[in-house]
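*Asks:* Hey, dropping run-v2.pdb in here, PDB, C-alpha atoms, pLDDT in the B column:
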```pdb
ATOM      1  CA  MET R   1      87.805-116.423-168.696  1.00 64.00           C
ATOM      2  CA  ILE R   2      87.955-114.914-172.172  1.00 69.00           C
ATOM      3  CA  GLY R   3      88.591-111.175-172.066  1.00 66.00           C
ATOM      4  CA  MET R   4      89.260-111.064-168.328  1.00 73.00           C
ATOM      5  CA  PRO R   5      92.234-109.005-167.183  1.00 89.00           C
ATOM      6  CA  PHE R   6      95.159-111.381-167.608  1.00 94.00           C
ATOM      7  CA  GLN R   7      96.906-109.802-164.604  1.00 94.00           C
ATOM      8  CA  LYS R   8      94.328-111.503-162.379  1.00 95.00           C
ATOM      9  CA  LEU R   9      95.210-114.982-163.641  1.00 96.00           C
ATOM     10  CA  LEU R  10      97.395-116.846-161.138  1.00 97.00           C
ATOM     11  CA  ILE R  11      99.185-118.630-163.984  1.00 98.00           C
ATOM     12  CA  TRP R  12     100.175-115.257-165.459  1.00 97.00           C
ATOM     13  CA  GLN R  13     101.371-114.022-162.046  1.00 98.00           C
ATOM     14  CA  LYS R  14     103.436-117.186-161.529  1.00 98.00           C
ATOM     15  CA  GLY R  15     104.822-116.769-165.044  1.00 98.00           C
ATOM     16  CA  MET R  16     105.926-113.227-164.233  1.00 98.00           C
ATOM     17  CA  ASP R  17     107.558-114.448-161.023  1.00 98.00           C
ATOM     18  CA  LEU R  18     109.476-116.991-163.083  1.00 98.00           C
ATOM     19  CA  VAL R  19     110.602-114.268-165.510  1.00 98.00           C
ATOM     20  CA  LYS R  20     112.058-112.279-162.623  1.00 98.00           C
ATOM     21  CA  LEU R  21     113.812-115.359-161.238  1.00 98.00           C
ATOM     22  CA  VAL R  22     115.299-116.229-164.634  1.00 98.00           C
ATOM     23  CA  TYR R  23     116.623-112.678-165.044  1.00 98.00           C
ATOM     24  CA  VAL R  24     118.298-112.895-161.626  1.00 97.00           C
ATOM     25  CA  VAL R  25     119.783-116.323-162.305  1.00 97.00           C
ATOM     26  CA  THR R  26     121.023-115.493-165.808  1.00 98.00           C
ATOM     27  CA  LYS R  27     122.630-112.238-164.657  1.00 97.00           C
ATOM     28  CA  SER R  28     125.629-114.247-163.459  1.00 95.00           C
ATOM     29  CA  PHE R  29     126.036-116.251-166.679  1.00 97.00           C
ATOM     30  CA  PRO R  30     129.360-115.760-168.487  1.00 96.00           C
ATOM     31  CA  LYS R  31     129.499-112.649-170.680  1.00 96.00           C
ATOM     32  CA  GLU R  32     130.090-114.786-173.788  1.00 96.00           C
ATOM     33  CA  GLU R  33     126.615-116.273-173.243  1.00 96.00           C
ATOM     34  CA  ILE R  34     124.833-112.912-173.585  1.00 94.00           C
ATOM     35  CA  TYR R  35     123.664-113.809-177.105  1.00 95.00           C
ATOM     36  CA  GLY R  36     123.400-117.510-176.338  1.00 96.00           C
ATOM     37  CA  LEU R  37     121.962-119.188-173.295  1.00 97.00           C
ATOM     38  CA  THR R  38     121.293-115.925-171.425  1.00 98.00           C
ATOM     39  CA  SER R  39     119.225-114.422-174.221  1.00 98.00           C
ATOM     40  CA  GLN R  40     117.467-117.665-175.096  1.00 98.00           C
ATOM     41  CA  SER R  41     116.514-118.369-171.476  1.00 98.00           C
ATOM     42  CA  ARG R  42     115.141-114.881-170.995  1.00 98.00           C
ATOM     43  CA  ARG R  43     113.159-115.037-174.240  1.00 98.00           C
ATOM     44  CA  SER R  44     111.679-118.408-173.291  1.00 98.00           C
ATOM     45  CA  ALA R  45     110.757-117.112-169.846  1.00 98.00           C
ATOM     46  CA  ILE R  46     109.001-113.949-171.045  1.00 98.00           C
ATOM     47  CA  SER R  47     107.186-115.939-173.707  1.00 98.00           C
ATOM     48  CA  ILE R  48     105.281-117.847-171.012  1.00 98.00           C
ATOM     49  CA  PRO R  49     103.244-114.992-169.463  1.00 98.00           C
ATOM     50  CA  SER R  50     103.116-113.254-172.858  1.00 98.00           C
ATOM     51  CA  ASN R  51     101.288-116.218-174.398  1.00 98.00           C
ATOM     52  CA  ILE R  52      98.949-116.407-171.421  1.00 97.00           C
ATOM     53  CA  ALA R  53      98.142-112.709-171.787  1.00 96.00           C
ATOM     54  CA  GLU R  54      97.614-112.939-175.544  1.00 95.00           C
ATOM     55  CA  GLY R  55      95.453-116.038-175.258  1.00 95.00           C
ATOM     56  CA  SER R  56      93.254-114.447-172.633  1.00 95.00           C
ATOM     57  CA  GLN R  57      92.255-111.775-175.141  1.00 93.00           C
ATOM     58  CA  ARG R  58      91.191-114.180-177.885  1.00 92.00           C
ATOM     59  CA  THR R  59      87.557-114.761-178.726  1.00 90.00           C
ATOM     60  CA  SER R  60      87.202-118.421-177.782  1.00 93.00           C
ATOM     61  CA  GLU R  61      88.375-120.809-175.112  1.00 94.00           C
ATOM     62  CA  LYS R  62      89.718-123.073-177.848  1.00 94.00           C
ATOM     63  CA  GLU R  63      92.025-120.289-179.018  1.00 95.00           C
ATOM     64  CA  PHE R  64      93.005-119.532-175.428  1.00 96.00           C
ATOM     65  CA  ALA R  65      93.826-123.215-174.926  1.00 97.00           C
ATOM     66  CA  ASN R  66      96.191-123.104-177.916  1.00 98.00           C
ATOM     67  CA  PHE R  67      98.081-120.212-176.327  1.00 98.00           C
ATOM     68  CA  ILE R  68      98.321-122.164-173.073  1.00 98.00           C
ATOM     69  CA  LEU R  69      99.957-124.961-175.066  1.00 98.00           C
ATOM     70  CA  MET R  70     102.410-122.432-176.524  1.00 98.00           C
ATOM     71  CA  ALA R  71     103.189-121.246-172.984  1.00 98.00           C
ATOM     72  CA  LYS R  72     103.810-124.880-171.996  1.00 98.00           C
ATOM     73  CA  GLY R  73     106.165-125.215-174.965  1.00 98.00           C
ATOM     74  CA  SER R  74     108.135-122.158-173.876  1.00 98.00           C
ATOM     75  CA  LEU R  75     108.237-123.549-170.350  1.00 98.00           C
ATOM     76  CA  ALA R  76     109.709-126.821-171.674  1.00 98.00           C
ATOM     77  CA  GLU R  77     112.342-124.818-173.575  1.00 98.00           C
ATOM     78  CA  LEU R  78     113.219-122.922-170.409  1.00 98.00           C
ATOM     79  CA  HIS R  79     113.405-126.173-168.443  1.00 98.00           C
ATOM     80  CA  THR R  80     115.915-127.530-170.959  1.00 98.00           C
ATOM     81  CA  GLN R  81     117.959-124.320-170.938  1.00 98.00           C
ATOM     82  CA  MET R  82     118.146-124.242-167.153  1.00 98.00           C
ATOM     83  CA  LEU R  83     119.288-127.874-167.045  1.00 98.00           C
ATOM     84  CA  ALA R  84     121.964-127.071-169.634  1.00 98.00           C
ATOM     85  CA  ALA R  85     123.073-124.010-167.656  1.00 98.00           C
ATOM     86  CA  HIS R  86     123.396-126.154-164.544  1.00 98.00           C
ATOM     87  CA  ASP R  87     125.311-128.855-166.402  1.00 98.00           C
ATOM     88  CA  LEU R  88     127.673-126.175-167.729  1.00 97.00           C
ATOM     89  CA  GLY R  89     128.254-124.858-164.215  1.00 97.00           C
ATOM     90  CA  PHE R  90     126.539-121.519-164.777  1.00 97.00           C
ATOM     91  CA  ILE R  91     124.066-121.938-161.912  1.00 96.00           C
ATOM     92  CA  SER R  92     124.373-123.573-158.517  1.00 96.00           C
ATOM     93  CA  GLN R  93     122.559-126.581-157.132  1.00 97.00           C
ATOM     94  CA  GLU R  94     120.433-124.293-154.956  1.00 97.00           C
ATOM     95  CA  GLN R  95     119.475-122.118-157.926  1.00 97.00           C
ATOM     96  CA  ILE R  96     118.543-125.044-160.180  1.00 98.00           C
ATOM     97  CA  LYS R  97     116.443-126.558-157.398  1.00 98.00           C
ATOM     98  CA  LEU R  98     114.488-123.312-156.958  1.00 98.00           C
ATOM     99  CA  VAL R  99     114.051-122.753-160.696  1.00 98.00           C
ATOM    100  CA  LEU R 100     112.914-126.334-161.326  1.00 98.00           C
ATOM    101  CA  GLU R 101     110.403-126.154-158.462  1.00 98.00           C
ATOM    102  CA  LYS R 102     108.864-123.058-160.045  1.00 98.00           C
ATOM    103  CA  ILE R 103     108.893-124.633-163.515  1.00 98.00           C
ATOM    104  CA  ILE R 104     107.231-127.838-162.332  1.00 98.00           C
ATOM    105  CA  GLU R 105     104.605-125.919-160.345  1.00 98.00           C
ATOM    106  CA  LEU R 106     103.744-123.704-163.319  1.00 98.00           C
ATOM    107  CA  ASP R 107     103.664-126.669-165.694  1.00 98.00           C
ATOM    108  CA  ARG R 108     101.079-128.399-163.508  1.00 98.00           C
ATOM    109  CA  MET R 109      99.017-125.226-163.278  1.00 98.00           C
ATOM    110  CA  LEU R 110      99.119-124.670-167.039  1.00 98.00           C
ATOM    111  CA  TYR R 111      98.049-128.248-167.690  1.00 98.00           C
ATOM    112  CA  ALA R 112      95.127-127.950-165.257  1.00 97.00           C
ATOM    113  CA  PHE R 113      94.093-124.644-166.839  1.00 96.00           C
ATOM    114  CA  TYR R 114      94.319-126.188-170.315  1.00 97.00           C
ATOM    115  CA  LYS R 115      92.099-129.082-169.225  1.00 97.00           C
ATOM    116  CA  LYS R 116      89.583-126.621-167.774  1.00 95.00           C
ATOM    117  CA  LEU R 117      89.456-124.709-171.051  1.00 94.00           C
ATOM    118  CA  THR R 118      89.166-127.804-173.255  1.00 95.00           C
ATOM    119  CA  ASN R 119      86.584-129.610-171.125  1.00 91.00           C
ATOM    120  CA  LYS R 120      84.107-126.783-171.769  1.00 58.00           C
ATOM    121  CA  THR R 121      84.471-127.000-175.549  1.00 46.00           C
TER     122      THR R 121
END
```
What is this file in structure tokens?
*Replies:*
Amino acid sequence: MIGMPFQKLLIWQKGMDLVKLVYVVTKSFPKEEIYGLTSQSRRSAISIPSNIAEGSQRTSEKEFANFILMAKGSLAELHTQMLAAHDLGFISQEQIKLVLEKIIELDRMLYAFYKKLTNKT
């Protein structure tokens, strides 16, 4: 898994799908949130596949596993931000349901991938 093209990793692909979804959802946030919840949500989202990509280019599976944990941390941040956005009325019930489904799916995949990396070391 080390050094393989990160674009082939399903977790990276799912992360990129989540980035696109977050950009669509946050596009309708209030203009005063451009430097607040909009920016923070987008930064958290892009951090997920970015950490996966960076970790895949490290020299050991242990290092890669640490980047998967960072991706999971960014995913938890995004989860919190999306819940806050929903509570503030920035996104609909349908949108939060879709976003949370994607977040939960990716979280499970990242955890399984982390376990695979750490069981070999």
*Asks:* Could you tell me how far atom CA of R:Thr118 lies from atom CA of R:Phe6, in Å and to one decimal?
*Replies:* 18.4 Å
*Asks:* Give me the residues within 7 Å of stretch 65-76 of chain R as a PyMOL selection string, counting only C-alpha atoms and dropping any in the same chain fewer than 4 places off.
*Replies:* chain R and resi 44-45+47-48+51-52+55+61+80+103+107+110+114+117-118
*Asks:* Can you work out which one of R:Lys116, R:His79, R:Arg42, R:Arg108 has the shortest atom-to-atom distance to R:Lys20, counting only C-alpha atoms?
*Replies:*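 Checking each of R:Lys116, R:His79, R:Arg42, R:Arg108 against R:Lys20, counting only C-alpha atoms, the winner is R:Arg42.
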*Asks:* What residues come out when you apply the PyMOL selection byres ((chain R and resi 13) around 12) to this file, written as an mmCIF file with C-alpha atoms, keeping the file's coordinate frame?
*Replies:*
```cif
data_model
loop_
_atom_site.group_PDB
_atom_site.id
_atom_site.type_symbol
_atom_site.label_atom_id
_atom_site.label_comp_id
_atom_site.auth_asym_id
_atom_site.auth_seq_id
_atom_site.Cartn_x
_atom_site.Cartn_y
_atom_site.Cartn_z
ATOM 1 C CA PRO R 5 92.234 -109.005 -167.183
ATOM 2 C CA PHE R 6 95.159 -111.381 -167.608
ATOM 3 C CA GLN R 7 96.906 -109.802 -164.604
ATOM 4 C CA LYS R 8 94.328 -111.503 -162.379
ATOM 5 C CA LEU R 9 95.210 -114.982 -163.641
ATOM 6 C CA LEU R 10 97.395 -116.846 -161.138
ATOM 7 C CA ILE R 11 99.185 -118.630 -163.984
ATOM 8 C CA TRP R 12 100.175 -115.257 -165.459
ATOM 9 C CA LYS R 14 103.436 -117.186 -161.529
ATOM 10 C CA GLY R 15 104.822 -116.769 -165.044
ATOM 11 C CA MET R 16 105.926 -113.227 -164.233
ATOM 12 C CA ASP R 17 107.558 -114.448 -161.023
ATOM 13 C CA LEU R 18 109.476 -116.991 -163.083
ATOM 14 C CA VAL R 19 110.602 -114.268 -165.510
ATOM 15 C CA LYS R 20 112.058 -112.279 -162.623
ATOM 16 C CA ILE R 46 109.001 -113.949 -171.045
ATOM 17 C CA ILE R 48 105.281 -117.847 -171.012
ATOM 18 C CA PRO R 49 103.244 -114.992 -169.463
ATOM 19 C CA SER R 50 103.116 -113.254 -172.858
ATOM 20 C CA ILE R 52 98.949 -116.407 -171.421
ATOM 21 C CA ALA R 53 98.142 -112.709 -171.787
ATOM 22 C CA LYS R 102 108.864 -123.058 -160.045
ATOM 23 C CA LEU R 106 103.744 -123.704 -163.319
ATOM 24 C CA MET R 109 99.017 -125.226 -163.278
ATOM 25 C CA LEU R 110 99.119 -124.670 -167.039
#
```
*Asks:* Smallest atom-to-atom distance to R:Arg43: which of R:Phe64, R:Tyr111, R:Tyr23, R:Phe29, using only C-alpha atoms?
*Replies:* R:Tyr23
*Asks:* Work out how far atom CA of R:Ala85 is from atom CA of R:Val22, in Å to one decimal.
*Replies:*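 Computing it gives 11.4 Å between the two atoms.
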*Asks:* May I ask for the distance between atom CA of R:Phe113 and atom CA of R:Ser41, given in Å to one decimal place?
*Replies:*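 Pair atom CA of R:Phe113 / atom CA of R:Ser41 returns 23.7 Å.
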*Asks:* To verify the selection step, state as a short mmCIF file (atom, residue, chain, number, x, y, z; two decimals) with C-alpha atoms, in the frame of the given file which residues the PyMOL selection byres ((chain R and resi 98) around 12) yields on this input.
*Replies:*
```cif
data_model
loop_
_atom_site.label_atom_id
_atom_site.label_comp_id
_atom_site.auth_asym_id
_atom_site.auth_seq_id
_atom_site.Cartn_x
_atom_site.Cartn_y
_atom_site.Cartn_z
CA ASP R 17 107.56 -114.45 -161.02
CA LEU R 18 109.48 -116.99 -163.08
CA LEU R 21 113.81 -115.36 -161.24
CA VAL R 22 115.30 -116.23 -164.63
CA VAL R 25 119.78 -116.32 -162.30
CA HIS R 79 113.40 -126.17 -168.44
CA MET R 82 118.15 -124.24 -167.15
CA ILE R 91 124.07 -121.94 -161.91
CA SER R 92 124.37 -123.57 -158.52
CA GLN R 93 122.56 -126.58 -157.13
CA GLU R 94 120.43 -124.29 -154.96
CA GLN R 95 119.48 -122.12 -157.93
CA ILE R 96 118.54 -125.04 -160.18
CA LYS R 97 116.44 -126.56 -157.40
CA VAL R 99 114.05 -122.75 -160.70
CA LEU R 100 112.91 -126.33 -161.33
CA GLU R 101 110.40 -126.15 -158.46
CA LYS R 102 108.86 -123.06 -160.04
CA ILE R 103 108.89 -124.63 -163.51
CA ILE R 104 107.23 -127.84 -162.33
CA GLU R 105 104.60 -125.92 -160.34
#
```
*Asks:* Rank R:Pro30, R:Met4, R:Glu63, R:Asn119 by their smallest atom-to-atom distance to R:Leu88, using only C-alpha atoms, and report the top residue only.
*Replies:*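 Among R:Pro30, R:Met4, R:Glu63, R:Asn119, it is R:Pro30 that comes nearest to R:Leu88.
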*Asks:* Identify, on the basis of all atoms listed in the file, every residue whose closest approach to R:Gln81 does not exceed 8 Å; exclude the query and any residue fewer than 3 positions from it along the same chain; express the result as a PyMOL selection string.
*Replies:* chain R and resi 37+40-41+77-78+84-85
